[in-house]
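One file, model_7.cif, is given below (mmCIF, C-alpha atoms and all ligand atoms).
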```
data_protein
#
loop_
_atom_site.label_atom_id
_atom_site.label_comp_id
_atom_site.auth_asym_id
_atom_site.auth_seq_id
_atom_site.Cartn_x
_atom_site.Cartn_y
_atom_site.Cartn_z
CA MET L 221 -15.25 -12.74 -4.40
CA ILE L 222 -12.27 -10.38 -4.27
CA HIS L 223 -13.02 -6.65 -4.32
CA ALA L 224 -10.51 -3.94 -5.21
CA LEU L 225 -11.46 -0.41 -4.26
CA THR L 226 -9.71 2.20 -6.39
CA ARG L 227 -10.06 5.91 -7.08
CA GLU L 228 -9.56 7.64 -10.43
CA VAL L 229 -6.48 9.86 -10.79
CA ALA L 230 -7.02 13.51 -9.74
CA ALA L 231 -6.31 16.23 -12.34
CA SER L 232 -4.12 17.81 -9.61
CA LEU L 233 -1.82 14.72 -9.21
CA GLY L 234 1.19 16.93 -10.04
CA ASP L 235 0.67 18.79 -6.72
CA CYS L 236 1.14 15.57 -4.72
CA GLN L 237 3.10 15.24 -1.49
CA LEU L 238 6.72 14.15 -2.00
CA SER L 239 9.16 13.10 0.72
CA PHE L 240 12.01 10.99 -0.68
CA VAL L 241 11.41 11.40 -4.43
CA GLU L 242 12.39 14.52 -6.38
CA ARG L 243 9.59 16.40 -8.11
CA THR L 244 9.47 15.84 -11.87
CA ALA L 245 6.68 16.63 -14.34
CA ILE L 246 3.81 14.12 -14.21
CA ASP L 247 1.82 13.36 -17.35
CA VAL L 248 -1.68 13.05 -15.87
CA ALA L 249 -3.19 11.60 -19.06
CA LEU L 250 -0.52 8.88 -19.04
CA ALA L 251 -1.06 8.34 -15.29
CA ARG L 252 -4.75 7.73 -16.07
CA ARG L 253 -3.93 5.20 -18.78
CA GLN L 254 -1.49 3.43 -16.45
CA HIS L 255 -4.12 3.45 -13.70
CA SER L 256 -6.65 1.86 -16.09
CA ALA L 257 -4.14 -0.84 -16.99
CA TYR L 258 -3.54 -1.40 -13.27
CA GLN L 259 -7.29 -1.88 -12.76
CA GLU L 260 -7.30 -4.27 -15.73
CA ALA L 261 -4.49 -6.27 -14.09
CA LEU L 262 -6.58 -6.48 -10.92
CA ARG L 263 -9.56 -7.72 -12.98
CA SER L 264 -7.38 -10.32 -14.67
CA LEU L 265 -6.49 -11.64 -11.19
CA GLY L 266 -10.18 -12.03 -10.32
CA CYS L 267 -11.05 -8.69 -8.71
CA GLU L 268 -14.32 -6.87 -9.00
CA ILE L 269 -13.36 -3.18 -9.10
CA VAL L 270 -15.17 -0.63 -6.93
CA ALA L 271 -14.00 2.56 -8.66
CA LEU L 272 -14.58 5.87 -6.87
CA PRO L 273 -14.63 9.12 -8.87
CA ALA L 274 -11.58 11.40 -8.85
CA LEU L 275 -11.31 13.98 -6.07
CA ASP L 276 -9.50 16.85 -7.76
CA ALA L 277 -9.16 18.81 -4.49
CA TYR L 278 -6.93 16.00 -3.19
CA PRO L 279 -3.85 15.42 -5.40
CA ASP L 280 -2.87 12.17 -3.63
CA SER L 281 -6.35 10.67 -3.49
CA VAL L 282 -5.59 7.93 -6.06
CA PHE L 283 -3.51 6.31 -3.27
CA VAL L 284 -6.53 4.85 -1.46
CA GLU L 285 -4.42 2.37 0.49
CA ASP L 286 -3.37 5.10 2.90
CA VAL L 287 -6.82 6.05 4.16
CA ALA L 288 -8.26 2.70 5.26
CA LEU L 289 -7.20 -0.76 6.46
CA VAL L 290 -9.53 -3.60 5.53
CA PHE L 291 -9.35 -6.76 7.63
CA PRO L 292 -11.66 -9.75 7.22
CA GLU L 293 -13.47 -8.74 10.43
CA VAL L 294 -13.49 -4.93 10.34
CA ALA L 295 -12.27 -1.87 8.41
CA VAL L 296 -10.30 0.89 10.12
CA LEU L 297 -10.39 4.39 8.66
CA THR L 298 -7.01 6.00 9.21
CA ARG L 299 -6.00 9.55 10.06
CA PRO L 300 -3.27 10.14 7.46
CA GLY L 301 -0.03 11.69 8.63
CA ALA L 302 -0.13 14.39 5.94
CA PRO L 303 -2.89 16.91 6.88
CA SER L 304 -3.47 17.56 3.14
CA ARG L 305 -4.75 13.98 2.83
CA ARG L 306 -7.26 13.83 5.70
CA GLY L 307 -10.18 14.90 3.49
CA GLU L 308 -9.76 11.70 1.46
CA VAL L 309 -10.95 9.45 4.26
CA ASP L 310 -14.72 9.87 4.53
CA SER L 311 -15.66 9.03 0.94
CA VAL L 312 -13.62 5.81 1.12
CA GLY L 313 -15.32 5.08 4.45
CA ALA L 314 -18.75 5.54 2.83
CA ALA L 315 -17.80 3.04 0.12
CA LEU L 316 -16.46 0.51 2.64
CA ALA L 317 -19.51 0.75 4.91
CA SER L 318 -21.42 -1.72 2.74
CA PHE L 319 -18.66 -4.34 3.19
CA ARG L 320 -17.39 -3.99 6.77
CA GLU L 321 -18.11 -2.49 10.17
CA LEU L 322 -16.01 0.65 10.46
CA ARG L 323 -13.64 1.85 13.18
CA ARG L 324 -11.50 4.99 13.09
CA ILE L 325 -8.07 6.24 14.20
CA GLU L 326 -8.60 9.45 16.22
CA ALA L 327 -6.36 12.49 16.84
CA PRO L 328 -3.60 12.76 17.89
CA GLY L 329 -3.00 9.35 16.33
CA THR L 330 -1.87 9.13 12.72
CA ILE L 331 -1.56 6.10 10.45
CA ASP L 332 -0.98 5.83 6.69
CA GLY L 333 -2.13 2.50 5.29
CA GLY L 334 1.14 2.29 3.36
CA ASP L 335 2.77 1.69 6.74
CA VAL L 336 0.61 -1.31 7.61
CA LEU L 337 1.74 -4.81 6.65
CA ARG L 338 -0.40 -7.78 7.68
CA LEU L 339 1.19 -11.22 7.80
CA GLY L 340 -1.39 -13.62 9.19
CA ARG L 341 -2.32 -12.40 12.67
CA ASN L 342 0.75 -10.13 12.89
CA VAL L 343 0.25 -6.52 11.89
CA TYR L 344 3.44 -4.47 11.48
CA VAL L 345 3.25 -0.68 11.30
CA GLY L 346 6.09 1.56 10.13
CA LEU L 347 7.22 4.20 12.61
CA SER L 348 7.54 6.65 9.75
CA ALA L 349 6.95 10.38 9.39
CA ARG L 350 3.29 9.44 8.67
CA SER L 351 2.38 6.91 11.39
CA ASN L 352 2.91 7.74 15.07
CA PRO L 353 3.00 5.70 18.29
CA GLU L 354 -0.47 6.99 19.34
CA GLY L 355 -1.96 5.75 16.07
CA ILE L 356 -0.22 2.40 16.42
CA ALA L 357 -1.47 2.02 20.01
CA GLN L 358 -5.04 2.79 18.89
CA LEU L 359 -4.77 0.24 16.09
CA GLY L 360 -3.50 -2.33 18.60
CA SER L 361 -6.56 -1.77 20.83
CA LEU L 362 -8.99 -1.86 17.89
CA LEU L 363 -7.58 -5.13 16.53
CA ALA L 364 -6.82 -6.99 19.79
CA PRO L 365 -10.41 -8.36 20.08
CA PHE L 366 -9.90 -10.06 16.71
CA GLY L 367 -6.67 -11.71 17.79
CA TYR L 368 -4.19 -9.49 15.91
CA LEU L 369 -0.87 -8.45 17.40
CA VAL L 370 0.16 -4.94 16.30
CA GLU L 371 3.81 -3.89 16.44
CA GLY L 372 5.61 -0.67 15.36
CA LEU L 373 8.81 -1.11 13.34
CA PRO L 374 11.42 1.56 12.52
CA VAL L 375 11.98 2.37 8.83
CA ARG L 376 14.63 4.63 7.36
CA GLY L 377 15.14 6.41 4.05
CA CYS L 378 11.69 5.74 2.61
CA LEU L 379 8.09 6.93 2.90
CA HIS L 380 6.31 3.89 4.31
CA LEU L 381 6.96 0.44 5.76
CA LYS L 382 5.57 -1.09 2.56
CA SER L 383 8.17 0.85 0.52
CA ALA L 384 10.64 -1.41 2.33
CA VAL L 385 8.84 -4.73 2.76
CA THR L 386 5.68 -6.42 1.44
CA ALA L 387 4.13 -9.88 1.59
CA LEU L 388 4.59 -12.65 -0.97
CA ALA L 389 2.78 -15.03 1.38
CA ASP L 390 1.89 -14.95 5.07
CA GLU L 391 5.34 -16.39 5.78
CA VAL L 392 7.39 -14.87 2.92
CA VAL L 393 8.41 -11.22 2.40
CA LEU L 394 10.04 -9.19 -0.37
CA ILE L 395 12.46 -6.83 1.37
CA GLN L 396 14.76 -3.83 0.75
CA PRO L 397 17.46 -4.25 3.44
CA GLU L 398 18.67 -0.64 3.15
CA TRP L 399 15.32 0.68 4.42
CA ILE L 400 14.42 -1.85 7.13
CA ASP L 401 16.47 -4.19 9.28
CA PRO L 402 15.94 -7.66 7.74
CA GLY L 403 16.60 -9.11 11.22
CA LEU L 404 13.13 -7.87 12.19
CA PHE L 405 11.78 -10.46 9.73
CA ALA L 406 14.04 -13.30 10.83
CA ALA L 407 10.98 -15.48 11.46
CA TYR L 408 9.96 -15.18 7.79
CA GLU L 409 11.41 -16.41 4.53
CA ARG L 410 12.97 -13.31 2.91
CA ILE L 411 13.61 -12.47 -0.73
CA GLU L 412 15.81 -9.38 -1.14
CA ILE L 413 15.31 -6.93 -3.99
CA ASP L 414 18.10 -6.43 -6.52
CA PRO L 415 20.24 -3.57 -5.12
CA ALA L 416 20.12 -1.77 -8.52
CA GLU L 417 16.33 -1.34 -8.01
CA PRO L 418 15.91 0.37 -4.64
CA HIS L 419 12.12 0.86 -4.96
CA ALA L 420 11.42 -2.76 -5.91
CA ALA L 421 10.13 -4.09 -2.56
CA ASN L 422 6.52 -3.06 -3.12
CA ILE L 423 4.47 -5.88 -4.64
CA LEU L 424 0.69 -6.27 -4.46
CA ARG L 425 -0.63 -9.69 -3.54
CA VAL L 426 -4.07 -10.46 -5.02
CA GLY L 427 -5.46 -13.90 -4.25
CA SER L 428 -2.81 -16.29 -5.54
CA GLY L 429 -1.37 -13.69 -7.97
CA PHE L 430 0.63 -10.47 -7.81
CA VAL L 431 0.75 -7.05 -9.47
CA TYR L 432 4.25 -5.63 -9.86
CA PRO L 433 5.85 -2.64 -11.64
CA ALA L 434 7.30 -3.24 -15.11
CA ASN L 435 10.46 -1.26 -14.39
CA PHE L 436 12.14 -3.66 -11.92
CA PRO L 437 13.26 -6.44 -14.30
CA ARG L 438 16.11 -7.72 -12.12
CA THR L 439 13.97 -8.22 -9.04
CA ALA L 440 11.14 -9.60 -11.21
CA ALA L 441 13.54 -12.20 -12.63
CA LYS L 442 14.56 -13.12 -9.08
CA LEU L 443 10.89 -13.51 -8.12
CA GLU L 444 10.27 -15.69 -11.16
CA ARG L 445 13.22 -17.91 -10.24
CA ALA L 446 11.64 -18.29 -6.79
CA GLY L 447 8.37 -19.44 -8.38
CA TYR L 448 6.34 -16.21 -8.35
CA ALA L 449 4.80 -14.98 -11.61
CA PRO L 450 3.72 -11.36 -11.12
CA THR L 451 1.52 -9.49 -13.61
CA ARG L 452 3.66 -6.52 -14.66
CA VAL L 453 2.25 -3.00 -15.09
CA GLU L 454 3.74 0.33 -16.19
CA VAL L 455 3.32 2.80 -13.31
CA SER L 456 6.00 5.44 -14.06
CA GLU L 457 3.68 8.43 -13.50
CA LEU L 458 2.37 7.06 -10.19
CA GLN L 459 5.95 6.36 -9.09
CA LYS L 460 6.78 10.05 -9.77
CA ALA L 461 4.10 10.82 -7.15
CA GLU L 462 5.93 8.46 -4.74
CA GLY L 463 3.24 5.85 -5.23
CA ALA L 464 3.63 2.16 -5.87
CA VAL L 465 1.39 -0.80 -6.63
CA THR L 466 -0.03 -1.51 -3.19
CA CYS L 467 -1.10 2.08 -2.65
CA CYS L 468 -3.58 2.35 -5.54
CA SER L 469 -6.10 -0.17 -4.21
CA LEU L 470 -7.71 -1.73 -1.17
CA VAL L 471 -8.04 -5.43 -1.93
CA PHE L 472 -10.35 -7.52 0.25
CA SER L 473 -12.59 -10.56 0.11
CA GLY L 474 -16.26 -10.70 0.86
CA PRO L 475 -19.69 -11.21 -0.58
C1 LIG L 501 2.08 10.78 -0.39
O1 LIG L 501 3.17 11.29 -0.14
O2 LIG L 501 1.22 10.62 0.47
C2 LIG L 501 1.80 10.36 -1.81
N1 LIG L 501 2.45 11.25 -2.72
C3 LIG L 501 2.26 8.94 -2.04
C4 LIG L 501 1.53 7.94 -1.22
C5 LIG L 501 1.92 6.55 -1.56
N2 LIG L 501 1.20 5.65 -0.75
C6 LIG L 501 1.57 4.41 -0.50
O3 LIG L 501 2.61 3.97 -0.94
N3 LIG L 501 0.80 3.68 0.28
#
```
Spit out the file's structure as structure tokens when you get a sec.
Ligand code: CIR
Amino acid sequence: MIHALTREVAASLGDCQLSFVERTAIDVALARRQHSAYQEALRSLGCEIVALPALDAYPDSVFVEDVALVFPEVAVLTRPGAPSRRGEVDSVGAALASFRELRRIEAPGTIDGGDVLRLGRNVYVGLSARSNPEGIAQLGSLLAPFGYLVEGLPVRGCLHLKSAVTALADEVVLIQPEWIDPGLFAAYERIEIDPAEPHAANILRVGSGFVYPANFPRTAAKLERAGYAPTRVEVSELQKAEGAVTCCSLVFSGP
């Protein structure tokens, strides 16, 4: 069975952190409808949703991806780079405890899950403003016993590594070459986003399907030509909060 852990949209979403996106008014009611449709897309791809209640004290708490990393063998609770987000971690940890053994990134380490891209046994972590070398070193030590190799990669001009590159398969990536050096992924098959859609590199892989924003038609057409058929969802209000499709869920298999 595939599980997708999500959290309802906080009433305070408009007070979210923003780094590379300009602040514009967010329609929270519309964000909630879009989030429901996103959950529906996950269901249509075979997920059982574990929906946590909104945490209104934490504007960014809908972006559950950042606070935990779920591997087949273990889950790692992160220490998010933005101090305003650290109170989001424990309730996600409590929900994950029934599925995985838990480990934790400790101070002074920081990791945002949006920076963590797993491709088979390789785990790449963005050296962003949110994830630091101490956090990456801790993750390396936590995952080494399970045979994962953890490596930090520089990103530029975007929030997280997964703003710049995500997985279409363990050996295929969707990539925005302005924000990460494509040479770092020379060992993988690479599909580049359409340059008119700079935010289009974030796609969510769910089993054999994908969830993808509705507002990147050029890159979507390119993906379709390459044989991928993503389920498209409207996420305009979550994008205004600098979120994307991977960040609104933790998708993992298990009983
Ligand atoms: C933040 O800056 O933390 C939120 N406004 C957006 C987080 C998006 N997370 C993600 O892409 N993994």
Test item: residues no farther than 9 Å from ligand LIG 501 (chain L), counting all atoms listed in the file, as a ChimeraX atom specification: /L:233,235-240,279-287,300-302,304-305,332-336,350,379-383,422,458-468
Keeping only C-alpha atoms, take the residues you just selected and write them out as a CSV table (one decimal), keeping the file's coordinate frame.
```csv
chain,number,residue,atom,x,y,z
L,233,LEU,CA,-1.8,14.7,-9.2
L,235,ASP,CA,0.7,18.8,-6.7
L,236,CYS,CA,1.1,15.6,-4.7
L,237,GLN,CA,3.1,15.2,-1.5
L,238,LEU,CA,6.7,14.2,-2.0
L,239,SER,CA,9.2,13.1,0.7
L,240,PHE,CA,12.0,11.0,-0.7
L,279,PRO,CA,-3.8,15.4,-5.4
L,280,ASP,CA,-2.9,12.2,-3.6
L,281,SER,CA,-6.4,10.7,-3.5
L,282,VAL,CA,-5.6,7.9,-6.1
L,283,PHE,CA,-3.5,6.3,-3.3
L,284,VAL,CA,-6.5,4.8,-1.5
L,285,GLU,CA,-4.4,2.4,0.5
L,286,ASP,CA,-3.4,5.1,2.9
L,287,VAL,CA,-6.8,6.0,4.2
L,300,PRO,CA,-3.3,10.1,7.5
L,301,GLY,CA,0.0,11.7,8.6
L,302,ALA,CA,-0.1,14.4,5.9
L,304,SER,CA,-3.5,17.6,3.1
L,305,ARG,CA,-4.8,14.0,2.8
L,332,ASP,CA,-1.0,5.8,6.7
L,333,GLY,CA,-2.1,2.5,5.3
L,334,GLY,CA,1.1,2.3,3.4
L,335,ASP,CA,2.8,1.7,6.7
L,336,VAL,CA,0.6,-1.3,7.6
L,350,ARG,CA,3.3,9.4,8.7
L,379,LEU,CA,8.1,6.9,2.9
L,380,HIS,CA,6.3,3.9,4.3
L,381,LEU,CA,7.0,0.4,5.8
L,382,LYS,CA,5.6,-1.1,2.6
L,383,SER,CA,8.2,0.8,0.5
L,422,ASN,CA,6.5,-3.1,-3.1
L,458,LEU,CA,2.4,7.1,-10.2
L,459,GLN,CA,6.0,6.4,-9.1
L,460,LYS,CA,6.8,10.0,-9.8
L,461,ALA,CA,4.1,10.8,-7.2
L,462,GLU,CA,5.9,8.5,-4.7
L,463,GLY,CA,3.2,5.8,-5.2
L,464,ALA,CA,3.6,2.2,-5.9
L,465,VAL,CA,1.4,-0.8,-6.6
L,466,THR,CA,0.0,-1.5,-3.2
L,467,CYS,CA,-1.1,2.1,-2.6
L,468,CYS,CA,-3.6,2.4,-5.5
```
Show me the residues close to (-17.0, -12.1, 1.8) - anything with an atom within 9 Å, counting only C-alpha atoms - and format the list as a PyMOL selection string. chain L and resi 221-222+292+319+472-475
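In terms of minimum interatomic distance to Asp390 (chain L), L:Leu337 ranks closest within L:Ala364, L:Arg376, L:Asp414, L:Leu337, counting only C-alpha atoms.
For the atom pair formed by CA of Ser469 (chain L) and CA of Glu308 (chain L), the distance is 13.7 Å, given to one decimal.
The interatomic distance for the pair CA of Ala277 (chain L) and CA of Val312 (chain L) works out to 14.8 Å.
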Within 9 Å of Ala257 (chain L), counting all atoms listed in the file, which residues qualify if same-chain residues fewer than 4 places away don't, as number ranges by chain? L: 252-253, 261-262, 453-454
So that I have them on file, write out the residues from the current selection with C-alpha atoms, as a PDB file, in the frame of the given file.
```
ATOM      1  CA  ARG L 252      -4.750   7.730 -16.070  1.00  0.00           C
ATOM      2  CA  ARG L 253      -3.930   5.200 -18.780  1.00  0.00           C
ATOM      3  CA  ALA L 261      -4.490  -6.270 -14.090  1.00  0.00           C
ATOM      4  CA  LEU L 262      -6.580  -6.480 -10.920  1.00  0.00           C
ATOM      5  CA  VAL L 453       2.250  -3.000 -15.090  1.00  0.00           C
ATOM      6  CA  GLU L 454       3.740   0.330 -16.190  1.00  0.00           C
TER       7      GLU L 454
END
```
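Of the listed residues L:His223, L:Arg324, L:Leu388, L:Arg341, the one whose atoms come nearest to Gly266 (chain L) is L:His223, with distances taken using all atoms listed in the file.
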Identify, on the basis of only C-alpha atoms, every residue whose closest approach to Ile331 (chain L) does not exceed 10 Å; exclude the query and any residue fewer than 4 positions from it along the same chain; express the result as an MDAnalysis selection string. chainID L and resid 286:289 297:302 325:326 335:336 345:356 358:359
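Nearest-residue note for Gly340 (chain L): choosing from L:Leu443, L:Leu470, L:Ala387, L:Ile413, the minimum distance belongs to L:Ala387, counting all atoms listed in the file.
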Considering only C-alpha atoms, return as a PyMOL selection string whatever protein or nucleic-acid residues lie within 6 Å of region 273-276 of chain L, sequence-local ones (same chain, fewer than 3 positions apart) excluded. chain L and resi 227-232
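With CA of Leu322 (chain L) on one side and CA of Gly372 (chain L) on the other, the separation reads 22.2 Å.
In this comparison, which uses only C-alpha atoms, the residue of L:Phe291, L:Ala441, L:Tyr278, L:Gly447 approaching Pro303 (chain L) most closely is L:Tyr278.
Considering only C-alpha atoms, the residue among L:Thr386, L:Glu412, L:Val343, L:Leu316 positioned nearest to Val290 (chain L) is L:Leu316.
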